[in-house]
>>> print(open('upload03.cif').read())   # mmCIF, C-alpha atoms
data_data
#
loop_
_atom_site.group_PDB
_atom_site.id
_atom_site.type_symbol
_atom_site.label_atom_id
_atom_site.label_comp_id
_atom_site.auth_asym_id
_atom_site.auth_seq_id
_atom_site.Cartn_x
_atom_site.Cartn_y
_atom_site.Cartn_z
ATOM 1 C CA MET A 1 69.635 133.493 41.734
ATOM 2 C CA THR A 2 67.292 136.354 42.720
ATOM 3 C CA PRO A 3 65.992 138.110 39.582
ATOM 4 C CA THR A 4 66.936 141.802 39.369
ATOM 5 C CA PRO A 5 64.749 144.283 37.453
ATOM 6 C CA ILE A 6 66.938 144.232 34.358
ATOM 7 C CA ARG A 7 66.971 140.424 34.283
ATOM 8 C CA ARG A 8 63.198 140.232 34.547
ATOM 9 C CA THR A 9 62.597 142.983 31.989
ATOM 10 C CA LEU A 10 64.843 141.320 29.438
ATOM 11 C CA LEU A 11 63.107 137.992 29.957
ATOM 12 C CA GLY A 12 59.783 139.517 29.050
ATOM 13 C CA ALA A 13 60.872 139.460 25.432
ATOM 14 C CA ALA A 14 60.469 135.672 25.192
ATOM 15 C CA LEU A 15 56.833 135.608 24.103
ATOM 16 C CA LEU A 16 57.570 135.158 20.415
ATOM 17 C CA LEU A 17 60.507 132.763 20.684
ATOM 18 C CA ALA A 18 58.516 129.984 19.016
ATOM 19 C CA ALA A 19 58.230 132.103 15.873
ATOM 20 C CA ILE A 20 61.948 132.847 15.514
ATOM 21 C CA PRO A 21 63.632 130.389 13.150
ATOM 22 C CA ALA A 22 66.654 128.295 14.016
ATOM 23 C CA ALA A 23 69.006 126.692 11.502
ATOM 24 C CA SER A 24 67.307 123.290 11.596
ATOM 25 C CA ALA A 25 64.641 121.342 13.475
ATOM 26 C CA GLN A 26 67.308 119.730 15.660
ATOM 27 C CA ASP A 27 68.906 123.094 16.371
ATOM 28 C CA ALA A 28 65.483 124.548 17.180
ATOM 29 C CA SER A 29 64.837 121.816 19.737
ATOM 30 C CA SER A 30 68.237 122.296 21.330
ATOM 31 C CA THR A 31 67.871 126.081 21.378
ATOM 32 C CA ALA A 32 64.424 125.852 22.968
ATOM 33 C CA GLU A 33 65.626 123.445 25.656
ATOM 34 C CA GLN A 34 68.610 125.661 26.465
ATOM 35 C CA THR A 35 66.360 128.725 26.578
ATOM 36 C CA ILE A 36 63.928 127.105 29.002
ATOM 37 C CA ALA A 37 66.821 125.973 31.174
ATOM 38 C CA ALA A 38 68.126 129.547 31.351
ATOM 39 C CA MET A 39 64.663 130.877 32.227
ATOM 40 C CA THR A 40 64.336 128.325 35.016
ATOM 41 C CA LYS A 41 67.715 129.329 36.399
ATOM 42 C CA ILE A 42 66.650 132.980 36.493
ATOM 43 C CA PHE A 43 63.043 132.675 37.653
ATOM 44 C CA GLY A 44 63.036 129.369 39.471
ATOM 45 C CA ASP A 45 60.887 126.315 38.802
ATOM 46 C CA HIS A 46 57.124 126.872 39.080
ATOM 47 C CA PRO A 47 55.353 123.582 38.216
ATOM 48 C CA GLY A 48 52.203 124.001 36.169
ATOM 49 C CA LYS A 49 53.183 127.507 35.047
ATOM 50 C CA ARG A 50 54.640 128.799 31.798
ATOM 51 C CA SER A 51 58.370 129.439 31.800
ATOM 52 C CA ASN A 52 57.637 132.979 30.685
ATOM 53 C CA HIS A 53 54.475 135.088 30.826
ATOM 54 C CA ALA A 54 53.495 132.879 33.747
ATOM 55 C CA LYS A 55 50.841 135.251 35.104
ATOM 56 C CA GLY A 56 47.775 135.958 33.021
ATOM 57 C CA VAL A 57 44.019 135.904 32.568
ATOM 58 C CA VAL A 58 41.902 134.013 30.004
ATOM 59 C CA VAL A 59 38.794 135.522 28.399
ATOM 60 C CA GLU A 60 36.478 134.715 25.500
ATOM 61 C CA GLY A 61 34.676 136.525 22.730
ATOM 62 C CA SER A 62 34.523 136.697 18.949
ATOM 63 C CA PHE A 63 36.280 138.094 15.897
ATOM 64 C CA THR A 64 34.284 139.719 13.106
ATOM 65 C CA PRO A 65 36.366 140.070 9.930
ATOM 66 C CA SER A 66 36.232 143.149 7.724
ATOM 67 C CA LYS A 67 35.402 143.119 4.014
ATOM 68 C CA ASP A 68 39.017 144.020 3.244
ATOM 69 C CA ALA A 69 40.288 140.942 5.088
ATOM 70 C CA LYS A 70 38.465 138.600 2.718
ATOM 71 C CA THR A 71 40.092 140.265 -0.304
ATOM 72 C CA LEU A 72 43.570 139.699 1.142
ATOM 73 C CA SER A 73 43.228 136.125 2.470
ATOM 74 C CA LYS A 74 41.238 132.994 1.666
ATOM 75 C CA ALA A 75 41.521 131.788 5.274
ATOM 76 C CA GLY A 76 38.239 130.722 6.862
ATOM 77 C CA VAL A 77 38.807 133.089 9.769
ATOM 78 C CA PHE A 78 38.402 135.984 7.316
ATOM 79 C CA SER A 79 35.474 134.520 5.335
ATOM 80 C CA GLY A 80 32.805 136.842 6.750
ATOM 81 C CA ALA A 81 31.119 135.093 9.668
ATOM 82 C CA ALA A 82 32.007 135.940 13.260
ATOM 83 C CA VAL A 83 34.544 133.497 14.719
ATOM 84 C CA PRO A 84 34.726 132.412 18.401
ATOM 85 C CA VAL A 85 38.031 133.239 20.106
ATOM 86 C CA THR A 86 39.857 132.452 23.319
ATOM 87 C CA VAL A 87 42.306 135.141 24.445
ATOM 88 C CA ARG A 88 44.997 135.207 27.102
ATOM 89 C CA PHE A 89 46.491 138.461 28.417
ATOM 90 C CA SER A 90 49.715 138.136 30.385
ATOM 91 C CA ASP A 91 52.546 139.779 32.301
ATOM 92 C CA ALA A 92 56.155 139.170 31.369
ATOM 93 C CA THR A 93 58.589 136.959 33.307
ATOM 94 C CA GLY A 94 58.268 133.458 34.708
ATOM 95 C CA LEU A 95 57.196 134.766 38.115
ATOM 96 C CA PRO A 96 53.540 133.817 38.782
ATOM 97 C CA GLN A 97 53.157 136.414 41.543
ATOM 98 C CA ILE A 98 54.786 139.405 39.856
ATOM 99 C CA PRO A 99 52.928 142.681 40.595
ATOM 100 C CA ASP A 100 51.056 143.777 37.480
ATOM 101 C CA GLY A 101 52.340 147.349 37.742
ATOM 102 C CA ALA A 102 56.006 146.416 38.130
ATOM 103 C CA PRO A 103 58.299 147.565 35.298
ATOM 104 C CA GLU A 104 59.493 143.963 35.077
ATOM 105 C CA ALA A 105 55.964 142.872 34.072
ATOM 106 C CA ASN A 106 56.523 144.559 30.707
ATOM 107 C CA PRO A 107 56.046 143.698 27.917
ATOM 108 C CA HIS A 108 52.499 142.442 28.324
ATOM 109 C CA GLY A 109 51.209 139.767 25.996
ATOM 110 C CA LEU A 110 48.008 139.183 24.038
ATOM 111 C CA SER A 111 47.508 135.753 22.459
ATOM 112 C CA ILE A 112 44.450 134.782 20.424
ATOM 113 C CA LYS A 113 43.125 131.374 19.417
ATOM 114 C CA PHE A 114 40.617 131.650 16.552
ATOM 115 C CA LYS A 115 38.133 128.794 16.138
ATOM 116 C CA PRO A 116 36.366 129.107 12.735
ATOM 117 C CA ALA A 117 33.579 126.704 11.797
ATOM 118 C CA ASP A 118 35.731 124.980 9.146
ATOM 119 C CA GLY A 119 38.071 123.685 11.865
ATOM 120 C CA SER A 120 41.109 125.639 10.595
ATOM 121 C CA GLU A 121 42.316 126.847 13.982
ATOM 122 C CA MET A 122 44.652 129.864 13.944
ATOM 123 C CA ASP A 123 46.810 131.385 16.674
ATOM 124 C CA VAL A 124 48.106 134.954 16.856
ATOM 125 C CA VAL A 125 50.763 135.845 19.445
ATOM 126 C CA THR A 126 51.597 139.495 20.131
ATOM 127 C CA ASN A 127 53.100 141.665 22.824
ATOM 128 C CA SER A 128 53.477 145.334 23.667
ATOM 129 C CA LEU A 129 57.009 145.698 22.299
ATOM 130 C CA LYS A 130 57.124 147.700 19.073
ATOM 131 C CA PHE A 131 59.902 145.448 17.774
ATOM 132 C CA PHE A 132 61.880 142.490 19.111
ATOM 133 C CA PRO A 133 65.251 142.718 20.910
ATOM 134 C CA VAL A 134 66.940 139.920 18.902
ATOM 135 C CA ALA A 135 66.619 138.379 15.452
ATOM 136 C CA THR A 136 67.099 134.648 16.122
ATOM 137 C CA GLY A 137 66.343 132.007 18.716
ATOM 138 C CA GLU A 138 70.054 131.468 19.223
ATOM 139 C CA GLU A 139 70.566 135.134 20.040
ATOM 140 C CA PHE A 140 67.721 135.054 22.515
ATOM 141 C CA ARG A 141 69.229 131.993 24.211
ATOM 142 C CA ASP A 142 72.577 133.794 24.358
ATOM 143 C CA LEU A 143 70.898 136.804 25.963
ATOM 144 C CA LEU A 144 69.379 134.629 28.674
ATOM 145 C CA VAL A 145 72.652 132.851 29.329
ATOM 146 C CA ALA A 146 74.354 136.244 29.618
ATOM 147 C CA ILE A 147 71.754 137.261 32.212
ATOM 148 C CA THR A 148 72.440 134.130 34.281
ATOM 149 C CA LYS A 149 76.143 135.071 34.343
ATOM 150 C CA SER A 150 75.563 138.708 35.307
ATOM 151 C CA GLY A 151 74.895 138.448 39.019
ATOM 152 C CA PRO A 152 75.942 141.062 41.600
ATOM 153 C CA GLY A 153 79.507 139.725 41.699
ATOM 154 C CA ALA A 154 80.086 139.714 37.935
ATOM 155 C CA ALA A 155 82.976 141.777 36.646
ATOM 156 C CA LYS A 156 82.209 144.922 34.641
ATOM 157 C CA PRO A 157 81.175 145.051 31.913
ATOM 158 C CA THR A 158 78.944 142.115 32.770
ATOM 159 C CA PRO A 159 78.039 139.521 30.127
ATOM 160 C CA VAL A 160 74.580 141.051 29.714
ATOM 161 C CA GLU A 161 76.078 144.535 29.331
ATOM 162 C CA GLN A 162 78.400 143.162 26.674
ATOM 163 C CA PHE A 163 75.469 141.519 24.902
ATOM 164 C CA MET A 164 73.442 144.735 24.897
ATOM 165 C CA ALA A 165 76.383 146.696 23.543
ATOM 166 C CA ALA A 166 76.785 144.193 20.710
ATOM 167 C CA HIS A 167 73.015 144.237 19.964
ATOM 168 C CA PRO A 168 72.043 147.937 20.100
ATOM 169 C CA ASN A 169 68.442 147.270 19.017
ATOM 170 C CA ALA A 170 67.834 145.195 22.153
ATOM 171 C CA PRO A 171 67.724 148.056 24.702
ATOM 172 C CA LYS A 172 65.803 150.198 22.207
ATOM 173 C CA ALA A 173 63.153 147.484 21.832
ATOM 174 C CA LEU A 174 62.804 146.936 25.575
ATOM 175 C CA ALA A 175 62.346 150.667 26.120
ATOM 176 C CA THR A 176 59.140 150.618 24.047
ATOM 177 C CA ALA A 177 57.196 148.530 26.596
ATOM 178 C CA LYS A 178 55.003 150.554 28.972
ATOM 179 C CA THR A 179 52.458 149.787 31.709
ATOM 180 C CA PRO A 180 48.771 150.280 30.784
ATOM 181 C CA SER A 181 45.750 151.164 32.921
ATOM 182 C CA SER A 182 44.126 147.959 31.637
ATOM 183 C CA PHE A 183 45.020 145.018 29.419
ATOM 184 C CA GLY A 184 42.244 146.407 27.233
ATOM 185 C CA ARG A 185 43.932 149.806 26.870
ATOM 186 C CA GLN A 186 47.247 148.762 25.320
ATOM 187 C CA VAL A 187 48.472 148.363 21.726
ATOM 188 C CA TYR A 188 49.924 144.931 20.954
ATOM 189 C CA ASN A 189 52.285 144.187 18.061
ATOM 190 C CA GLY A 190 53.094 141.081 16.077
ATOM 191 C CA VAL A 191 56.797 141.641 15.517
ATOM 192 C CA ASN A 192 57.154 138.702 13.111
ATOM 193 C CA ALA A 193 56.050 138.963 9.487
ATOM 194 C CA PHE A 194 53.424 136.703 7.914
ATOM 195 C CA ILE A 195 51.870 136.459 4.460
ATOM 196 C CA LEU A 196 48.207 136.786 3.576
ATOM 197 C CA VAL A 197 47.338 134.620 0.552
ATOM 198 C CA ASP A 198 44.166 135.326 -1.429
ATOM 199 C CA ALA A 199 42.091 132.961 -3.581
ATOM 200 C CA ALA A 200 44.155 133.794 -6.661
ATOM 201 C CA GLY A 201 47.448 133.094 -4.880
ATOM 202 C CA LYS A 202 48.491 136.726 -4.444
ATOM 203 C CA ARG A 203 50.792 137.056 -1.443
ATOM 204 C CA THR A 204 50.819 140.107 0.835
ATOM 205 C CA PRO A 205 53.495 140.271 3.572
ATOM 206 C CA PHE A 206 52.301 141.963 6.765
ATOM 207 C CA ARG A 207 52.643 142.319 10.510
ATOM 208 C CA TYR A 208 49.803 142.314 13.031
ATOM 209 C CA ARG A 209 48.875 145.326 15.125
ATOM 210 C CA ILE A 210 46.067 145.056 17.689
ATOM 211 C CA VAL A 211 44.657 148.432 18.722
ATOM 212 C CA PRO A 212 42.154 149.043 21.560
ATOM 213 C CA VAL A 213 38.957 150.708 20.332
ATOM 214 C CA ALA A 214 38.858 152.715 23.577
ATOM 215 C CA GLY A 215 42.370 154.013 22.882
ATOM 216 C CA GLU A 216 45.696 153.296 24.519
ATOM 217 C CA GLU A 217 46.097 154.520 28.094
ATOM 218 C CA LEU A 218 49.555 154.202 29.660
ATOM 219 C CA LEU A 219 50.544 154.925 33.241
ATOM 220 C CA SER A 220 53.468 156.818 34.645
ATOM 221 C CA ALA A 221 55.975 154.804 36.641
ATOM 222 C CA ASP A 222 54.630 156.254 39.904
ATOM 223 C CA ASP A 223 50.994 155.563 39.026
ATOM 224 C CA ALA A 224 51.807 152.006 37.985
ATOM 225 C CA LYS A 225 53.712 151.390 41.221
ATOM 226 C CA ALA A 226 50.715 152.597 43.251
ATOM 227 C CA LYS A 227 48.382 150.025 41.698
ATOM 228 C CA GLY A 228 47.440 146.805 43.470
ATOM 229 C CA PRO A 229 49.558 143.741 42.689
ATOM 230 C CA ASN A 230 46.794 142.108 40.616
ATOM 231 C CA TYR A 231 45.049 145.140 39.172
ATOM 232 C CA LEU A 232 45.367 144.058 35.522
ATOM 233 C CA VAL A 233 44.252 140.436 35.909
ATOM 234 C CA GLU A 234 41.371 141.538 38.175
ATOM 235 C CA GLU A 235 40.249 144.541 36.108
ATOM 236 C CA MET A 236 39.631 142.616 32.893
ATOM 237 C CA PRO A 237 37.013 140.154 34.280
ATOM 238 C CA ALA A 238 35.378 142.981 36.267
ATOM 239 C CA HIS A 239 35.130 145.140 33.152
ATOM 240 C CA LEU A 240 33.729 142.304 31.032
ATOM 241 C CA ALA A 241 31.019 141.667 33.612
ATOM 242 C CA LYS A 242 29.709 145.151 32.767
ATOM 243 C CA ALA A 243 30.642 145.737 29.110
ATOM 244 C CA PRO A 244 32.659 144.215 26.228
ATOM 245 C CA VAL A 245 36.237 145.179 25.421
ATOM 246 C CA ALA A 246 37.033 145.659 21.733
ATOM 247 C CA PHE A 247 40.187 145.812 19.607
ATOM 248 C CA ARG A 248 40.825 146.437 15.919
ATOM 249 C CA ILE A 249 43.084 143.817 14.388
ATOM 250 C CA GLU A 250 45.156 145.533 11.716
ATOM 251 C CA ALA A 251 47.674 144.381 9.124
ATOM 252 C CA GLN A 252 50.666 146.626 8.504
ATOM 253 C CA ILE A 253 51.514 145.986 4.854
ATOM 254 C CA ALA A 254 55.178 145.641 3.885
ATOM 255 C CA GLN A 255 56.649 147.702 1.069
ATOM 256 C CA PRO A 256 59.661 146.920 -1.181
ATOM 257 C CA GLY A 257 62.802 147.033 0.925
ATOM 258 C CA ASP A 258 61.076 146.151 4.223
ATOM 259 C CA THR A 259 62.760 143.187 5.871
ATOM 260 C CA THR A 260 60.406 140.299 6.558
ATOM 261 C CA LYS A 261 62.677 138.097 8.636
ATOM 262 C CA ASP A 262 64.351 140.460 11.089
ATOM 263 C CA ALA A 263 62.008 141.194 13.994
ATOM 264 C CA THR A 264 64.463 143.762 15.419
ATOM 265 C CA VAL A 265 63.607 146.167 12.591
ATOM 266 C CA ALA A 266 60.322 148.056 12.824
ATOM 267 C CA TRP A 267 58.636 149.058 9.578
ATOM 268 C CA PRO A 268 58.014 152.791 9.080
ATOM 269 C CA GLU A 269 54.731 154.122 10.463
ATOM 270 C CA ASP A 270 53.760 155.505 7.055
ATOM 271 C CA ARG A 271 53.177 151.964 5.797
ATOM 272 C CA ARG A 272 49.586 151.128 4.853
ATOM 273 C CA PHE A 273 47.416 149.615 7.595
ATOM 274 C CA VAL A 274 44.451 147.428 6.647
ATOM 275 C CA ASP A 275 41.605 146.782 9.081
ATOM 276 C CA LEU A 276 41.250 142.982 9.260
ATOM 277 C CA GLY A 277 38.322 143.048 11.677
ATOM 278 C CA THR A 278 37.136 143.588 15.223
ATOM 279 C CA LEU A 279 38.024 141.479 18.249
ATOM 280 C CA THR A 280 35.219 141.731 20.813
ATOM 281 C CA LEU A 281 35.798 140.217 24.245
ATOM 282 C CA THR A 282 32.652 139.502 26.234
ATOM 283 C CA LYS A 283 33.376 137.265 29.235
ATOM 284 C CA ALA A 284 36.067 135.853 31.475
ATOM 285 C CA VAL A 285 36.332 132.075 31.750
ATOM 286 C CA PRO A 286 35.095 130.643 35.081
ATOM 287 C CA ASP A 287 38.529 129.366 36.155
ATOM 288 C CA SER A 288 41.362 131.153 34.371
ATOM 289 C CA GLN A 289 44.200 129.209 35.980
ATOM 290 C CA THR A 290 42.702 125.879 34.919
ATOM 291 C CA ALA A 291 41.836 127.130 31.433
ATOM 292 C CA GLU A 292 45.318 128.429 30.695
ATOM 293 C CA LYS A 293 46.893 125.042 31.397
ATOM 294 C CA ALA A 294 45.044 123.600 28.405
ATOM 295 C CA LEU A 295 45.975 126.488 26.109
ATOM 296 C CA LEU A 296 48.943 126.406 23.772
ATOM 297 C CA PHE A 297 49.418 129.387 21.475
ATOM 298 C CA MET A 298 51.767 128.717 18.557
ATOM 299 C CA PRO A 299 52.489 131.542 16.078
ATOM 300 C CA ASN A 300 53.037 128.972 13.317
ATOM 301 C CA ASN A 301 49.615 127.357 13.877
ATOM 302 C CA LEU A 302 48.197 128.763 10.626
ATOM 303 C CA PRO A 303 45.336 127.950 8.237
ATOM 304 C CA ASP A 304 45.462 127.910 4.455
ATOM 305 C CA GLY A 305 45.495 131.579 3.482
ATOM 306 C CA VAL A 306 48.023 132.738 6.082
ATOM 307 C CA ASP A 307 51.650 131.709 5.668
ATOM 308 C CA GLN A 308 54.939 132.234 7.445
ATOM 309 C CA ARG A 309 57.286 129.639 5.989
ATOM 310 C CA VAL A 310 58.273 131.668 2.941
ATOM 311 C CA VAL A 311 58.707 134.827 4.968
ATOM 312 C CA ARG A 312 61.570 133.203 6.827
ATOM 313 C CA ASP A 313 63.444 132.808 3.534
ATOM 314 C CA LEU A 314 62.974 136.385 2.329
ATOM 315 C CA ASP A 315 65.480 139.147 2.887
ATOM 316 C CA ALA A 316 62.968 141.773 1.793
ATOM 317 C CA VAL A 317 59.717 142.183 -0.027
ATOM 318 C CA ARG A 318 60.229 142.020 -3.766
#
>>> encode(input="upload03.cif", output="structure tokens")
Amino acid sequence: MTPTPIRRTLLGAALLLAAIPAASAQDASSTAEQTIAAMTKIFGDHPGKRSNHAKGVVVEGSFTPSKDAKTLSKAGVFSGAAVPVTVRFSDATGLPQIPDGAPEANPHGLSIKFKPADGSEMDVVTNSLKFFPVATGEEFRDLLVAITKSGPGAAKPTPVEQFMAAHPNAPKALATAKTPSSFGRQVYNGVNAFILVDAAGKRTPFRYRIVPVAGEELLSADDAKAKGPNYLVEEMPAHLAKAPVAFRIEAQIAQPGDTTKDATVAWPEDRRFVDLGTLTLTKAVPDSQTAEKALLFMPNNLPDGVDQRVVRDLDAVR
């Protein structure tokens, strides 16, 4: 099946699937397998490549935590010393050769692997959507299956049109993804909630927001279309050869009544934001395609001091 723009755009939402809970471990395994099968049917089989966000670039740098971060979490990554990081930026879809400026390449992804000296590795997985199209892994699988059944000959309304009508937040979420001038000039959001735990056991629910120090710079559809097919994955290493790229990692703090387990609901912008520290990227890895094969970013790969398990059982902050 040849992927149409709407199919590819919808598939870009898969970046955080690993963080969306299923009913049980067995159900999670089955849901994941069915999801990958649907992706393969849509995008084709590309050995050695990720099923989604197949195209990307790997870079390295460090994270320097803020003083506020240490007061909110006892995790080693926030203890005060700069922490080495490996970062992967990516385009959406499972198509390794997708043009970077194509609308279907949205949402872009930013994944971080923190490597503190105490060995408590932590992963953060974000993308440029402001909130997620669906609330559960099962719903995401159902969306993909609907896409596979919505080819040119499908009767109207197609299965994917029916799905979107029944999940009105899905098209709204997908509409928030835009094309940047650089991977380093886009805001990335962690649409799932986590909990910061301090030394006294105080728990603070939050969501990540990663903001470029240079400011966000988005392109019009025409300007994005005029860019070269690899302008994003080529620009980042070229930029780093001349100067670092920096982001602020922020925590949006939940307030009473904010849902912590429904990623389709964005929290209001008037919520408090805490600066957790600065992500400074300094160099591209020598061979990005080889490096990314060894990288696995798991949103639930968390150290003591950052938790997600309880968040999944909360309806709201109390």
>>> closest_residue(input="upload03.cif", among="A:Pro256, A:Pro133, A:Gly201, A:Pro99", to="Ala177 in chain A", atoms="all atoms listed in the file")
A:Pro133
>>> atom_distance(input="upload03.cif", atom1="CA of Asn169 in chain A", atom2="CA of Pro107 in chain A")
15.7 Å
>>> closest_atom_pairs(input="upload03.cif", of="range 200-253 of chain A", to="range 111-128 of chain A", cutoff="10 Å", atoms="all atoms listed in the file", output="JSON lines")
{"residue": "A:Tyr208", "atom": "CA", "partner": "A:Thr126", "partner_atom": "CA", "distance": 7.8}
{"residue": "A:Arg209", "atom": "CA", "partner": "A:Thr126", "partner_atom": "CA", "distance": 8.2}
{"residue": "A:Ile210", "atom": "CA", "partner": "A:Thr126", "partner_atom": "CA", "distance": 8.2}
>>> residues_around(input="upload03.cif", residues="Ala92 in chain A", least_positions_apart="6", cutoff="6 Å", atoms="only C-alpha atoms", output="list of chain:residue names")
A:Gly12, A:His53, A:Ala105, A:Asn106, A:Pro107, A:His108
>>> write_last_selection(input="upload03.cif", atoms="C-alpha atoms", output="tab-separated table (two decimals), keeping the file's coordinate frame")
chain	number	residue	atom	x	y	z
A	12	GLY	CA	59.78	139.52	29.05
A	53	HIS	CA	54.48	135.09	30.83
A	105	ALA	CA	55.96	142.87	34.07
A	106	ASN	CA	56.52	144.56	30.71
A	107	PRO	CA	56.05	143.70	27.92
A	108	HIS	CA	52.50	142.44	28.32
>>> residues_around(input="upload03.cif", residues="Pro286 in chain A", least_positions_apart="4", cutoff="12 Å", atoms="all atoms listed in the file", output="list of chain:residue names")
A:Val57, A:Val58, A:Val59, A:Glu60, A:Pro237, A:Ala241, A:Thr290, A:Ala291, A:Glu292
>>> write_last_selection(input="upload03.cif", atoms="C-alpha atoms", output="PDB file, keeping the file's coordinate frame")
ATOM      1  CA  VAL A  57      44.019 135.904  32.568  1.00  0.00           C
ATOM      2  CA  VAL A  58      41.902 134.013  30.004  1.00  0.00           C
ATOM      3  CA  VAL A  59      38.794 135.522  28.399  1.00  0.00           C
ATOM      4  CA  GLU A  60      36.478 134.715  25.500  1.00  0.00           C
ATOM      5  CA  PRO A 237      37.013 140.154  34.280  1.00  0.00           C
ATOM      6  CA  ALA A 241      31.019 141.667  33.612  1.00  0.00           C
ATOM      7  CA  THR A 290      42.702 125.879  34.919  1.00  0.00           C
ATOM      8  CA  ALA A 291      41.836 127.130  31.433  1.00  0.00           C
ATOM      9  CA  GLU A 292      45.318 128.429  30.695  1.00  0.00           C
TER      10      GLU A 292
END
>>> residues_around(input="upload03.cif", residues="Ser51 in chain A", least_positions_apart="3", cutoff="8 Å", atoms="only C-alpha atoms", output="ChimeraX atom specification")
/A:36,39-40,46,54,93-94
>>> residues_around(input="upload03.cif", residues="Ala82 in chain A", least_positions_apart="5", cutoff="10 Å", atoms="only C-alpha atoms", output="list in words")
Gly61, Ser62, Phe63, Thr64, Pro65, Val77, Lys115, Pro116, Ala117, Gly277, Thr278 and Leu279 of chain A
>>> resolve_selection(input="upload03.cif", expression="the PyMOL selection byres ((chain A and resi 307) around 12)", output="PDB file with C-alpha atoms, in the coordinates of the input")
ATOM      1  CA  SER A  73      43.228 136.125   2.470  1.00  0.00           C
ATOM      2  CA  LYS A  74      41.238 132.994   1.666  1.00  0.00           C
ATOM      3  CA  ALA A  75      41.521 131.788   5.274  1.00  0.00           C
ATOM      4  CA  MET A 122      44.652 129.864  13.944  1.00  0.00           C
ATOM      5  CA  ASN A 192      57.154 138.702  13.111  1.00  0.00           C
ATOM      6  CA  ALA A 193      56.050 138.963   9.487  1.00  0.00           C
ATOM      7  CA  PHE A 194      53.424 136.703   7.914  1.00  0.00           C
ATOM      8  CA  ILE A 195      51.870 136.459   4.460  1.00  0.00           C
ATOM      9  CA  LEU A 196      48.207 136.786   3.576  1.00  0.00           C
ATOM     10  CA  VAL A 197      47.338 134.620   0.552  1.00  0.00           C
ATOM     11  CA  ASP A 198      44.166 135.326  -1.429  1.00  0.00           C
ATOM     12  CA  GLY A 201      47.448 133.094  -4.880  1.00  0.00           C
ATOM     13  CA  LYS A 202      48.491 136.726  -4.444  1.00  0.00           C
ATOM     14  CA  ARG A 203      50.792 137.056  -1.443  1.00  0.00           C
ATOM     15  CA  THR A 204      50.819 140.107   0.835  1.00  0.00           C
ATOM     16  CA  PRO A 205      53.495 140.271   3.572  1.00  0.00           C
ATOM     17  CA  PHE A 206      52.301 141.963   6.765  1.00  0.00           C
ATOM     18  CA  ARG A 207      52.643 142.319  10.510  1.00  0.00           C
ATOM     19  CA  PRO A 299      52.489 131.542  16.078  1.00  0.00           C
ATOM     20  CA  ASN A 300      53.037 128.972  13.317  1.00  0.00           C
ATOM     21  CA  ASN A 301      49.615 127.357  13.877  1.00  0.00           C
ATOM     22  CA  LEU A 302      48.197 128.763  10.626  1.00  0.00           C
ATOM     23  CA  PRO A 303      45.336 127.950   8.237  1.00  0.00           C
ATOM     24  CA  ASP A 304      45.462 127.910   4.455  1.00  0.00           C
ATOM     25  CA  GLY A 305      45.495 131.579   3.482  1.00  0.00           C
ATOM     26  CA  VAL A 306      48.023 132.738   6.082  1.00  0.00           C
ATOM     27  CA  GLN A 308      54.939 132.234   7.445  1.00  0.00           C
ATOM     28  CA  ARG A 309      57.286 129.639   5.989  1.00  0.00           C
ATOM     29  CA  VAL A 310      58.273 131.668   2.941  1.00  0.00           C
ATOM     30  CA  VAL A 311      58.707 134.827   4.968  1.00  0.00           C
ATOM     31  CA  ARG A 312      61.570 133.203   6.827  1.00  0.00           C
TER      32      ARG A 312
END
>>> atom_distance(input="upload03.cif", atom1="CA of Arg141 in chain A", atom2="CA of Asp45 in chain A")
17.7 Å
>>> residues_around(input="upload03.cif", residues="Ser220 in chain A", least_positions_apart="5", cutoff="12 Å", atoms="all atoms listed in the file", output="PyMOL selection string")
chain A and resi 101-103+178-181+225-227
>>> atom_distance(input="upload03.cif", atom1="CA of Ser79 in chain A", atom2="CA of Ala246 in chain A")
19.9 Å
>>> resolve_selection(input="upload03.cif", expression="the PyMOL selection byres ((chain A and resi 267) around 12)", output="count of residues only")
36
>>> axis_aligned_box(input="upload03.cif", around="range 28-47 of chain A", padding_each_side="4 Å", output="lines of an AutoDock Vina configuration file")
center_x = 62.0
center_y = 127.4
center_z = 28.3
size_x = 21.3
size_y = 19.2
size_z = 30.3
